[in-house]
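Asker: structure.txt is reproduced in full below (compact mmCIF, N, CA and C atoms).
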```txt
# COMPACT_ATOMS: atom_id res chain seq x y z
N MET Y 1 -16.37 27.58 -7.97
CA MET Y 1 -15.76 28.11 -6.76
C MET Y 1 -16.27 29.52 -6.52
N ASN Y 2 -16.22 29.93 -5.26
CA ASN Y 2 -16.67 31.28 -4.95
C ASN Y 2 -15.57 32.27 -5.27
N GLU Y 3 -15.92 33.54 -5.25
CA GLU Y 3 -14.95 34.57 -5.64
C GLU Y 3 -13.83 34.73 -4.63
N ASN Y 4 -14.00 34.23 -3.39
CA ASN Y 4 -12.95 34.33 -2.38
C ASN Y 4 -11.94 33.19 -2.47
N THR Y 5 -12.22 32.20 -3.30
CA THR Y 5 -11.35 31.05 -3.40
C THR Y 5 -10.21 31.33 -4.36
N MET Y 6 -8.99 31.06 -3.90
CA MET Y 6 -7.82 31.13 -4.75
C MET Y 6 -7.32 29.71 -4.92
N THR Y 7 -6.67 29.40 -5.99
CA THR Y 7 -6.36 28.00 -6.22
C THR Y 7 -4.93 27.79 -6.70
N ILE Y 8 -4.36 26.65 -6.26
CA ILE Y 8 -3.08 26.21 -6.78
C ILE Y 8 -3.30 25.10 -7.78
N PHE Y 9 -4.57 24.81 -8.06
CA PHE Y 9 -4.91 23.73 -8.96
C PHE Y 9 -5.58 24.30 -10.20
N GLU Y 10 -5.19 23.81 -11.34
CA GLU Y 10 -5.86 24.13 -12.58
C GLU Y 10 -6.35 22.82 -13.16
N GLN Y 11 -7.37 22.89 -13.99
CA GLN Y 11 -7.88 21.69 -14.63
C GLN Y 11 -7.48 21.68 -16.09
N ASP Y 12 -7.12 20.48 -16.56
CA ASP Y 12 -6.87 20.36 -17.99
C ASP Y 12 -8.20 20.11 -18.70
N GLU Y 13 -8.18 19.88 -20.00
CA GLU Y 13 -9.40 19.71 -20.78
C GLU Y 13 -10.27 18.56 -20.29
N SER Y 14 -9.66 17.52 -19.71
CA SER Y 14 -10.43 16.37 -19.24
C SER Y 14 -10.86 16.50 -17.79
N GLY Y 15 -10.58 17.65 -17.16
CA GLY Y 15 -11.03 17.87 -15.79
C GLY Y 15 -10.06 17.39 -14.72
N ARG Y 16 -8.90 16.89 -15.12
CA ARG Y 16 -7.92 16.44 -14.13
C ARG Y 16 -7.21 17.64 -13.53
N MET Y 17 -6.87 17.50 -12.26
CA MET Y 17 -6.19 18.59 -11.58
C MET Y 17 -4.71 18.61 -11.95
N LEU Y 18 -4.20 19.80 -12.17
CA LEU Y 18 -2.80 20.00 -12.47
C LEU Y 18 -2.23 20.96 -11.44
N GLN Y 19 -1.06 20.66 -10.96
CA GLN Y 19 -0.40 21.54 -10.01
C GLN Y 19 0.08 22.80 -10.72
N ALA Y 20 -0.16 23.92 -10.12
CA ALA Y 20 0.28 25.19 -10.70
C ALA Y 20 0.79 26.07 -9.57
N LEU Y 21 1.99 25.83 -9.12
CA LEU Y 21 2.56 26.61 -8.02
C LEU Y 21 3.10 27.90 -8.61
N ARG Y 22 2.46 28.96 -8.29
CA ARG Y 22 2.89 30.23 -8.84
C ARG Y 22 3.70 30.99 -7.81
N SER Y 23 3.18 31.99 -7.21
CA SER Y 23 3.92 32.90 -6.36
C SER Y 23 4.12 32.33 -4.96
N PRO Y 24 5.29 31.75 -4.67
CA PRO Y 24 5.53 31.26 -3.31
C PRO Y 24 5.39 32.40 -2.32
N GLY Y 25 4.82 32.06 -1.16
CA GLY Y 25 4.65 33.07 -0.13
C GLY Y 25 3.30 33.75 -0.17
N THR Y 26 2.46 33.40 -1.13
CA THR Y 26 1.13 33.97 -1.19
C THR Y 26 0.11 32.87 -0.91
N ILE Y 27 -1.12 33.29 -0.59
CA ILE Y 27 -2.17 32.30 -0.41
C ILE Y 27 -2.31 31.56 -1.72
N ALA Y 28 -2.32 30.25 -1.64
CA ALA Y 28 -2.40 29.46 -2.85
C ALA Y 28 -3.78 28.82 -3.01
N TYR Y 29 -4.38 28.37 -1.92
CA TYR Y 29 -5.69 27.73 -2.00
C TYR Y 29 -6.39 27.87 -0.68
N CYS Y 30 -7.66 28.26 -0.71
CA CYS Y 30 -8.48 28.33 0.49
C CYS Y 30 -9.90 27.97 0.11
N SER Y 31 -10.41 26.86 0.64
CA SER Y 31 -11.77 26.44 0.31
C SER Y 31 -12.80 27.05 1.25
N PHE Y 32 -12.34 27.58 2.37
CA PHE Y 32 -13.24 28.15 3.37
C PHE Y 32 -13.82 29.46 2.87
N VAL Y 33 -15.13 29.55 2.80
CA VAL Y 33 -15.81 30.75 2.30
C VAL Y 33 -15.89 31.78 3.42
N VAL Y 34 -15.42 33.00 3.12
CA VAL Y 34 -15.45 34.08 4.11
C VAL Y 34 -16.31 35.23 3.58
N ASN Y 35 -17.43 35.43 4.26
CA ASN Y 35 -18.32 36.54 3.92
C ASN Y 35 -18.58 37.43 5.12
N THR Y 36 -18.74 36.83 6.29
CA THR Y 36 -19.10 37.59 7.49
C THR Y 36 -17.85 37.90 8.31
N PRO Y 37 -17.94 38.87 9.22
CA PRO Y 37 -16.81 39.13 10.12
C PRO Y 37 -16.42 37.90 10.95
N ASP Y 38 -17.40 37.12 11.41
CA ASP Y 38 -17.09 35.91 12.18
C ASP Y 38 -16.32 34.89 11.34
N GLU Y 39 -16.71 34.74 10.06
CA GLU Y 39 -16.00 33.81 9.18
C GLU Y 39 -14.57 34.29 8.93
N LYS Y 40 -14.39 35.60 8.81
CA LYS Y 40 -13.05 36.15 8.62
C LYS Y 40 -12.19 35.89 9.84
N ILE Y 41 -12.74 36.04 11.02
CA ILE Y 41 -12.00 35.75 12.26
C ILE Y 41 -11.63 34.27 12.32
N LYS Y 42 -12.58 33.41 11.98
CA LYS Y 42 -12.32 31.96 12.01
C LYS Y 42 -11.20 31.59 11.04
N LEU Y 43 -11.23 32.15 9.81
CA LEU Y 43 -10.18 31.84 8.84
C LEU Y 43 -8.84 32.39 9.29
N TYR Y 44 -8.83 33.62 9.76
CA TYR Y 44 -7.57 34.22 10.22
C TYR Y 44 -6.95 33.38 11.33
N ASN Y 45 -7.77 32.96 12.30
CA ASN Y 45 -7.25 32.14 13.40
C ASN Y 45 -6.77 30.78 12.91
N ALA Y 46 -7.44 30.21 11.92
CA ALA Y 46 -6.99 28.93 11.35
C ALA Y 46 -5.64 29.11 10.67
N MET Y 47 -5.45 30.25 9.99
CA MET Y 47 -4.20 30.52 9.27
C MET Y 47 -3.04 30.78 10.23
N THR Y 48 -3.30 31.50 11.31
CA THR Y 48 -2.22 31.97 12.16
C THR Y 48 -2.04 31.17 13.44
N ASN Y 49 -3.06 30.43 13.88
CA ASN Y 49 -2.98 29.74 15.15
C ASN Y 49 -3.78 28.44 15.12
N PRO Y 50 -3.39 27.49 14.25
CA PRO Y 50 -4.12 26.22 14.19
C PRO Y 50 -4.05 25.51 15.55
N GLU Y 51 -5.09 24.73 15.85
CA GLU Y 51 -5.22 24.12 17.16
C GLU Y 51 -4.35 22.88 17.38
N LYS Y 52 -4.16 22.08 16.35
CA LYS Y 52 -3.39 20.84 16.48
C LYS Y 52 -2.43 20.69 15.31
N LYS Y 53 -1.47 19.80 15.47
CA LYS Y 53 -0.57 19.44 14.37
C LYS Y 53 -1.12 18.18 13.71
N VAL Y 54 -0.99 18.11 12.40
CA VAL Y 54 -1.42 16.92 11.68
C VAL Y 54 -0.67 15.70 12.20
N SER Y 55 0.59 15.87 12.57
CA SER Y 55 1.39 14.74 13.07
C SER Y 55 0.82 14.13 14.35
N GLU Y 56 0.00 14.88 15.09
CA GLU Y 56 -0.67 14.35 16.28
C GLU Y 56 -1.84 13.44 15.91
N MET Y 57 -2.21 13.44 14.65
CA MET Y 57 -3.39 12.70 14.19
C MET Y 57 -3.04 11.42 13.45
N VAL Y 58 -1.79 10.99 13.47
CA VAL Y 58 -1.39 9.76 12.77
C VAL Y 58 -2.24 8.60 13.27
N ASN Y 59 -2.78 7.84 12.34
CA ASN Y 59 -3.68 6.70 12.57
C ASN Y 59 -5.03 7.13 13.15
N LYS Y 60 -5.36 8.40 13.01
CA LYS Y 60 -6.66 8.90 13.44
C LYS Y 60 -7.37 9.50 12.24
N LYS Y 61 -8.69 9.60 12.36
CA LYS Y 61 -9.51 10.10 11.25
C LYS Y 61 -9.89 11.56 11.46
N ILE Y 62 -10.01 12.26 10.35
CA ILE Y 62 -10.47 13.64 10.33
C ILE Y 62 -11.62 13.72 9.33
N GLN Y 63 -12.71 14.34 9.73
CA GLN Y 63 -13.81 14.59 8.80
C GLN Y 63 -13.50 15.92 8.12
N LEU Y 64 -12.77 15.82 7.03
CA LEU Y 64 -12.23 17.00 6.34
C LEU Y 64 -13.34 17.80 5.66
N LYS Y 65 -13.41 19.08 6.02
CA LYS Y 65 -14.43 19.98 5.46
C LYS Y 65 -13.82 21.07 4.58
N ASP Y 66 -12.69 21.64 5.03
CA ASP Y 66 -12.04 22.73 4.30
C ASP Y 66 -10.53 22.59 4.38
N VAL Y 67 -9.87 23.29 3.46
CA VAL Y 67 -8.41 23.24 3.36
C VAL Y 67 -7.87 24.63 3.07
N TYR Y 68 -6.77 24.96 3.73
CA TYR Y 68 -6.04 26.19 3.44
C TYR Y 68 -4.60 25.77 3.15
N VAL Y 69 -4.04 26.23 2.02
CA VAL Y 69 -2.66 25.91 1.65
C VAL Y 69 -1.98 27.19 1.20
N GLU Y 70 -0.78 27.42 1.69
CA GLU Y 70 0.04 28.52 1.18
C GLU Y 70 1.45 28.01 1.00
N MET Y 71 2.12 28.55 0.01
CA MET Y 71 3.52 28.20 -0.20
C MET Y 71 4.36 29.21 0.56
N VAL Y 72 5.28 28.69 1.37
CA VAL Y 72 6.18 29.54 2.14
C VAL Y 72 7.61 29.20 1.77
N GLN Y 73 8.52 30.11 2.03
CA GLN Y 73 9.94 29.87 1.76
C GLN Y 73 10.57 29.20 2.97
N MET Y 74 11.20 28.05 2.76
CA MET Y 74 11.88 27.31 3.82
C MET Y 74 13.37 27.26 3.51
N THR Y 75 14.18 27.43 4.55
CA THR Y 75 15.63 27.36 4.40
C THR Y 75 16.13 26.03 4.93
N ASN Y 76 16.85 25.29 4.10
CA ASN Y 76 17.47 24.04 4.52
C ASN Y 76 18.60 24.38 5.48
N GLU Y 77 18.51 23.88 6.71
CA GLU Y 77 19.51 24.21 7.73
C GLU Y 77 20.90 23.68 7.39
N ASP Y 78 20.97 22.59 6.63
CA ASP Y 78 22.27 22.01 6.28
C ASP Y 78 22.93 22.74 5.11
N THR Y 79 22.13 23.08 4.08
CA THR Y 79 22.71 23.66 2.87
C THR Y 79 22.51 25.16 2.74
N GLY Y 80 21.54 25.70 3.48
CA GLY Y 80 21.22 27.12 3.35
C GLY Y 80 20.34 27.42 2.14
N GLU Y 81 20.01 26.40 1.35
CA GLU Y 81 19.17 26.57 0.17
C GLU Y 81 17.74 26.93 0.59
N VAL Y 82 17.17 27.92 -0.09
CA VAL Y 82 15.80 28.35 0.16
C VAL Y 82 14.90 27.80 -0.94
N SER Y 83 13.79 27.17 -0.55
CA SER Y 83 12.87 26.62 -1.54
C SER Y 83 11.44 26.69 -0.99
N PRO Y 84 10.47 26.67 -1.90
CA PRO Y 84 9.08 26.73 -1.45
C PRO Y 84 8.64 25.41 -0.84
N ALA Y 85 7.77 25.50 0.17
CA ALA Y 85 7.19 24.32 0.82
C ALA Y 85 5.74 24.64 1.17
N PRO Y 86 4.87 23.64 1.11
CA PRO Y 86 3.46 23.90 1.40
C PRO Y 86 3.19 23.91 2.90
N ARG Y 87 2.57 24.99 3.37
CA ARG Y 87 2.06 25.06 4.74
C ARG Y 87 0.57 24.82 4.61
N ILE Y 88 0.06 23.80 5.31
CA ILE Y 88 -1.30 23.33 5.12
C ILE Y 88 -2.06 23.40 6.44
N VAL Y 89 -3.31 23.83 6.36
CA VAL Y 89 -4.22 23.76 7.50
C VAL Y 89 -5.46 23.00 7.03
N LEU Y 90 -5.73 21.88 7.70
CA LEU Y 90 -6.93 21.10 7.45
C LEU Y 90 -7.98 21.55 8.46
N ILE Y 91 -9.21 21.72 8.02
CA ILE Y 91 -10.30 22.15 8.90
C ILE Y 91 -11.36 21.06 8.87
N ASP Y 92 -11.69 20.53 10.07
CA ASP Y 92 -12.65 19.44 10.10
C ASP Y 92 -14.09 19.97 10.21
N LYS Y 93 -15.02 19.04 10.18
CA LYS Y 93 -16.44 19.35 10.18
C LYS Y 93 -16.85 20.19 11.39
N GLY Y 94 -16.18 19.98 12.53
CA GLY Y 94 -16.48 20.72 13.74
C GLY Y 94 -15.73 22.03 13.87
N GLY Y 95 -14.86 22.34 12.89
CA GLY Y 95 -14.11 23.59 12.92
C GLY Y 95 -12.72 23.47 13.54
N MET Y 96 -12.33 22.28 14.00
CA MET Y 96 -10.98 22.06 14.54
C MET Y 96 -9.98 22.21 13.40
N THR Y 97 -8.83 22.82 13.69
CA THR Y 97 -7.80 23.06 12.68
C THR Y 97 -6.54 22.27 12.98
N TYR Y 98 -5.90 21.75 11.92
CA TYR Y 98 -4.72 20.90 12.02
C TYR Y 98 -3.69 21.43 11.01
N SER Y 99 -2.47 21.70 11.46
CA SER Y 99 -1.48 22.27 10.55
C SER Y 99 -0.30 21.34 10.32
N CYS Y 100 0.36 21.54 9.18
CA CYS Y 100 1.58 20.81 8.86
C CYS Y 100 2.31 21.52 7.73
N MET Y 101 3.58 21.18 7.60
CA MET Y 101 4.40 21.54 6.43
C MET Y 101 4.75 20.19 5.83
N SER Y 102 4.07 19.80 4.76
CA SER Y 102 4.23 18.43 4.29
C SER Y 102 3.91 18.31 2.80
N PHE Y 103 4.91 17.87 2.02
CA PHE Y 103 4.65 17.57 0.62
C PHE Y 103 3.80 16.31 0.50
N GLY Y 104 3.91 15.39 1.47
CA GLY Y 104 3.08 14.18 1.45
C GLY Y 104 1.60 14.51 1.56
N ILE Y 105 1.24 15.37 2.52
CA ILE Y 105 -0.15 15.79 2.66
C ILE Y 105 -0.57 16.62 1.45
N PHE Y 106 0.31 17.48 0.97
CA PHE Y 106 0.03 18.30 -0.22
C PHE Y 106 -0.31 17.40 -1.41
N ASN Y 107 0.50 16.38 -1.66
CA ASN Y 107 0.26 15.47 -2.78
C ASN Y 107 -1.02 14.66 -2.55
N SER Y 108 -1.28 14.28 -1.29
CA SER Y 108 -2.53 13.57 -0.99
C SER Y 108 -3.74 14.44 -1.28
N LEU Y 109 -3.64 15.73 -0.94
CA LEU Y 109 -4.74 16.65 -1.23
C LEU Y 109 -4.97 16.77 -2.73
N LYS Y 110 -3.90 16.85 -3.52
CA LYS Y 110 -4.06 16.92 -4.97
C LYS Y 110 -4.81 15.69 -5.49
N SER Y 111 -4.43 14.52 -4.99
CA SER Y 111 -5.09 13.28 -5.42
C SER Y 111 -6.54 13.24 -4.93
N LEU Y 112 -6.76 13.64 -3.68
CA LEU Y 112 -8.10 13.66 -3.11
C LEU Y 112 -9.00 14.58 -3.92
N PHE Y 113 -8.51 15.77 -4.26
CA PHE Y 113 -9.30 16.72 -5.04
C PHE Y 113 -9.55 16.19 -6.45
N GLY Y 114 -8.59 15.47 -7.00
CA GLY Y 114 -8.76 14.89 -8.33
C GLY Y 114 -9.85 13.84 -8.37
N VAL Y 115 -10.01 13.10 -7.28
CA VAL Y 115 -11.02 12.03 -7.23
C VAL Y 115 -12.36 12.54 -6.69
N PHE Y 116 -12.34 13.27 -5.57
CA PHE Y 116 -13.56 13.69 -4.89
C PHE Y 116 -14.02 15.10 -5.26
N GLY Y 117 -13.20 15.83 -6.01
CA GLY Y 117 -13.48 17.23 -6.28
C GLY Y 117 -12.94 18.08 -5.13
N THR Y 118 -13.02 19.38 -5.30
CA THR Y 118 -12.56 20.29 -4.25
C THR Y 118 -13.64 20.44 -3.18
N PRO Y 119 -13.26 20.87 -1.98
CA PRO Y 119 -14.23 20.94 -0.88
C PRO Y 119 -15.50 21.73 -1.19
N ASP Y 120 -15.42 22.73 -2.05
CA ASP Y 120 -16.62 23.50 -2.38
C ASP Y 120 -17.64 22.68 -3.15
N THR Y 121 -17.27 21.47 -3.65
CA THR Y 121 -18.22 20.61 -4.37
C THR Y 121 -18.76 19.48 -3.51
N TRP Y 122 -18.23 19.31 -2.28
CA TRP Y 122 -18.65 18.22 -1.41
C TRP Y 122 -20.00 18.54 -0.78
N ASP Y 123 -20.84 17.49 -0.63
CA ASP Y 123 -22.12 17.66 0.06
C ASP Y 123 -21.90 17.96 1.54
N ASP Y 124 -20.92 17.30 2.16
CA ASP Y 124 -20.69 17.46 3.59
C ASP Y 124 -19.20 17.52 3.88
N CYS Y 125 -18.57 16.38 3.98
CA CYS Y 125 -17.13 16.32 4.24
C CYS Y 125 -16.61 15.00 3.67
N VAL Y 126 -15.30 14.84 3.66
CA VAL Y 126 -14.68 13.58 3.26
C VAL Y 126 -13.84 13.12 4.45
N GLU Y 127 -14.09 11.91 4.90
CA GLU Y 127 -13.35 11.38 6.04
C GLU Y 127 -12.01 10.81 5.54
N VAL Y 128 -10.92 11.27 6.17
CA VAL Y 128 -9.58 10.80 5.83
C VAL Y 128 -8.88 10.32 7.08
N GLU Y 129 -7.93 9.42 6.91
CA GLU Y 129 -7.08 8.98 8.01
C GLU Y 129 -5.67 9.46 7.71
N ILE Y 130 -5.02 10.03 8.71
CA ILE Y 130 -3.64 10.48 8.56
C ILE Y 130 -2.73 9.27 8.74
N VAL Y 131 -1.81 9.10 7.81
CA VAL Y 131 -0.91 7.96 7.79
C VAL Y 131 0.53 8.46 7.76
N SER Y 132 1.40 7.76 8.48
CA SER Y 132 2.82 8.08 8.48
C SER Y 132 3.57 6.94 7.81
N ILE Y 133 4.39 7.28 6.81
CA ILE Y 133 5.18 6.28 6.09
C ILE Y 133 6.65 6.56 6.39
N GLU Y 134 7.37 5.54 6.80
CA GLU Y 134 8.80 5.68 7.07
C GLU Y 134 9.59 5.39 5.80
N LYS Y 135 10.46 6.32 5.43
CA LYS Y 135 11.35 6.14 4.27
C LYS Y 135 12.76 6.46 4.74
N GLY Y 136 13.49 5.43 5.10
CA GLY Y 136 14.83 5.65 5.65
C GLY Y 136 14.72 6.35 6.99
N ASP Y 137 15.40 7.47 7.11
CA ASP Y 137 15.34 8.22 8.37
C ASP Y 137 14.28 9.32 8.32
N ARG Y 138 13.48 9.33 7.26
CA ARG Y 138 12.44 10.35 7.11
C ARG Y 138 11.06 9.76 7.36
N ARG Y 139 10.18 10.60 7.87
CA ARG Y 139 8.79 10.21 8.06
C ARG Y 139 7.94 11.10 7.15
N ILE Y 140 7.14 10.46 6.32
CA ILE Y 140 6.29 11.19 5.38
C ILE Y 140 4.84 11.01 5.82
N LEU Y 141 4.14 12.15 5.94
CA LEU Y 141 2.73 12.11 6.26
C LEU Y 141 1.93 12.05 4.97
N THR Y 142 0.84 11.30 5.00
CA THR Y 142 -0.05 11.20 3.86
C THR Y 142 -1.47 10.96 4.40
N MET Y 143 -2.42 10.80 3.52
CA MET Y 143 -3.80 10.55 3.94
C MET Y 143 -4.37 9.41 3.12
N LYS Y 144 -5.32 8.72 3.73
CA LYS Y 144 -6.11 7.76 2.97
C LYS Y 144 -7.58 8.06 3.23
N ALA Y 145 -8.41 7.85 2.20
CA ALA Y 145 -9.84 8.09 2.31
C ALA Y 145 -10.48 6.94 3.08
N CYS Y 146 -11.51 7.27 3.85
CA CYS Y 146 -12.21 6.27 4.66
C CYS Y 146 -13.69 6.23 4.28
N LYS Y 147 -14.35 5.17 4.68
CA LYS Y 147 -15.80 5.05 4.45
C LYS Y 147 -16.54 5.79 5.53
```
Would you encode the structure as structure tokens?
Answerer:
Amino acid sequence: MNENTMTIFEQDESGRMLQALRSPGTIAYCSFVVNTPDEKIKLYNAMTNPEKKVSEMVNKKIQLKDVYVEMVQMTNEDTGEVSPAPRIVLIDKGGMTYSCMSFGIFNSLKSLFGVFGTPDTWDDCVEVEIVSIEKGDRRILTMKACK
């Protein structure tokens, strides 16, 4: 990984990815390499003003190139309990950005990285399809890899 990459993933001795959520509210993982002023602007805009919601992409494919994940504090409106939740921005091959707050997508990314490696090791991109799974009254977003 490059020196600008921060990670929420650690590898064990066999190379498997392990979740390591440390400081909620800080950048946890960013695969997008930022060296130039233009790249810094692109990353900042992806972080603060993503173009689409991942939920708009259900049953659609994304040619995933980069990922930004940060843990943020979320307050449960019913209980008032505050807990960390992943805020995710997916960046496609063309630079389009898609955001969500989703443990389903977070867990899919962990599995994707475990199988395909992290984006900094990809030759080009990995095509994924956004999937919505209904569990009772909840909708969980996830991803599946495509050919």
Asker: Hey, can you check how far atom N of Lys93 (chain Y) sits from atom N of Asp38 (chain Y)?
Answerer: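 A separation of 18.3 Å between them.
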Asker: How would you write, as a PyMOL selection string, the set of residues in chain Y that DSSP gives as alpha helix (DSSP H)?
Answerer: chain Y and resi 37-48+103-116
Asker: Ranking Y:Ile41, Y:Lys65, Y:Asp78, Y:Met71 by minimum distance to Leu90 (chain Y) and counting only N, CA and C atoms, which one comes first?
Answerer: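 Between Y:Ile41, Y:Lys65, Y:Asp78, Y:Met71, the residue approaching Leu90 (chain Y) most closely is Y:Lys65.
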Asker: Residues within 8 Å of Val58 (chain Y), please, as a list in words. Count all atoms listed in the file; anything in the same chain fewer than 3 positions from it doesn't count.
Answerer: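 The residues satisfying every condition are Lys53, Val54, Ser55, Lys61, Glu129, Ile130, Val131 and Ser132 of chain Y.
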Asker: Would you mind reading off the distance between CA of Thr142 (chain Y) and CA of Ile105 (chain Y), one decimal, in Å?
Answerer: 4.7 Å
Asker: As an exercise, work out the distance from atom N of Leu112 (chain Y) to atom C of Thr36 (chain Y) in Å and give it to one decimal place.
Answerer: 29.2 Å
Asker: Here is a test: counting only N, CA and C atoms, which residue of Y:Val67, Y:Ile62, Y:Met143, Y:Met74 is nearest to Pro119 (chain Y)?
Answerer: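 Smallest separation from Pro119 (chain Y) among the options: Y:Val67.
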Asker: Counting only C-alpha atoms, which residue out of Y:Cys146, Y:Val128, Y:Ala46, Y:Ile140 sits closest to Thr97 (chain Y)?
Answerer: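 Among the listed residues, Y:Ala46 lies closest to Thr97 (chain Y).
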Asker: Pick the closest to Trp122 (chain Y) from Y:Val33, Y:Ala28, Y:Leu64, Y:Met57: which is it, counting only C-alpha atoms?
Answerer: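 Answer, going by the shortest atom-to-atom distance: Y:Leu64.
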Asker: With DSSP run on the backbone, what are the strand (DSSP E or B) residues within region 3-133 of chain Y? I'd like them as a PyMOL selection string.
Answerer: chain Y and resi 9-11+17-19+27-30+52-53+58+61-75+82-92+97-101+126-133
Asker: Can you work out which one of Y:Met101, Y:Leu109, Y:Ile91, Y:Met96 has the shortest atom-to-atom distance to Glu51 (chain Y), counting all atoms listed in the file?
Answerer: Y:Met96
Asker: Show me as a ChimeraX atom specification the residues that reach within 6 Å of (-16.1, 17.4, 4.1), counting all atoms listed in the file and using the file's own coordinates.
Answerer: /Y:63-66,124-127
Asker: Considering only C-alpha atoms, can you say which of Y:Ser31, Y:Pro50, Y:Asp92, Y:Lys144 comes closest to Gly117 (chain Y)?
Answerer: Y:Ser31
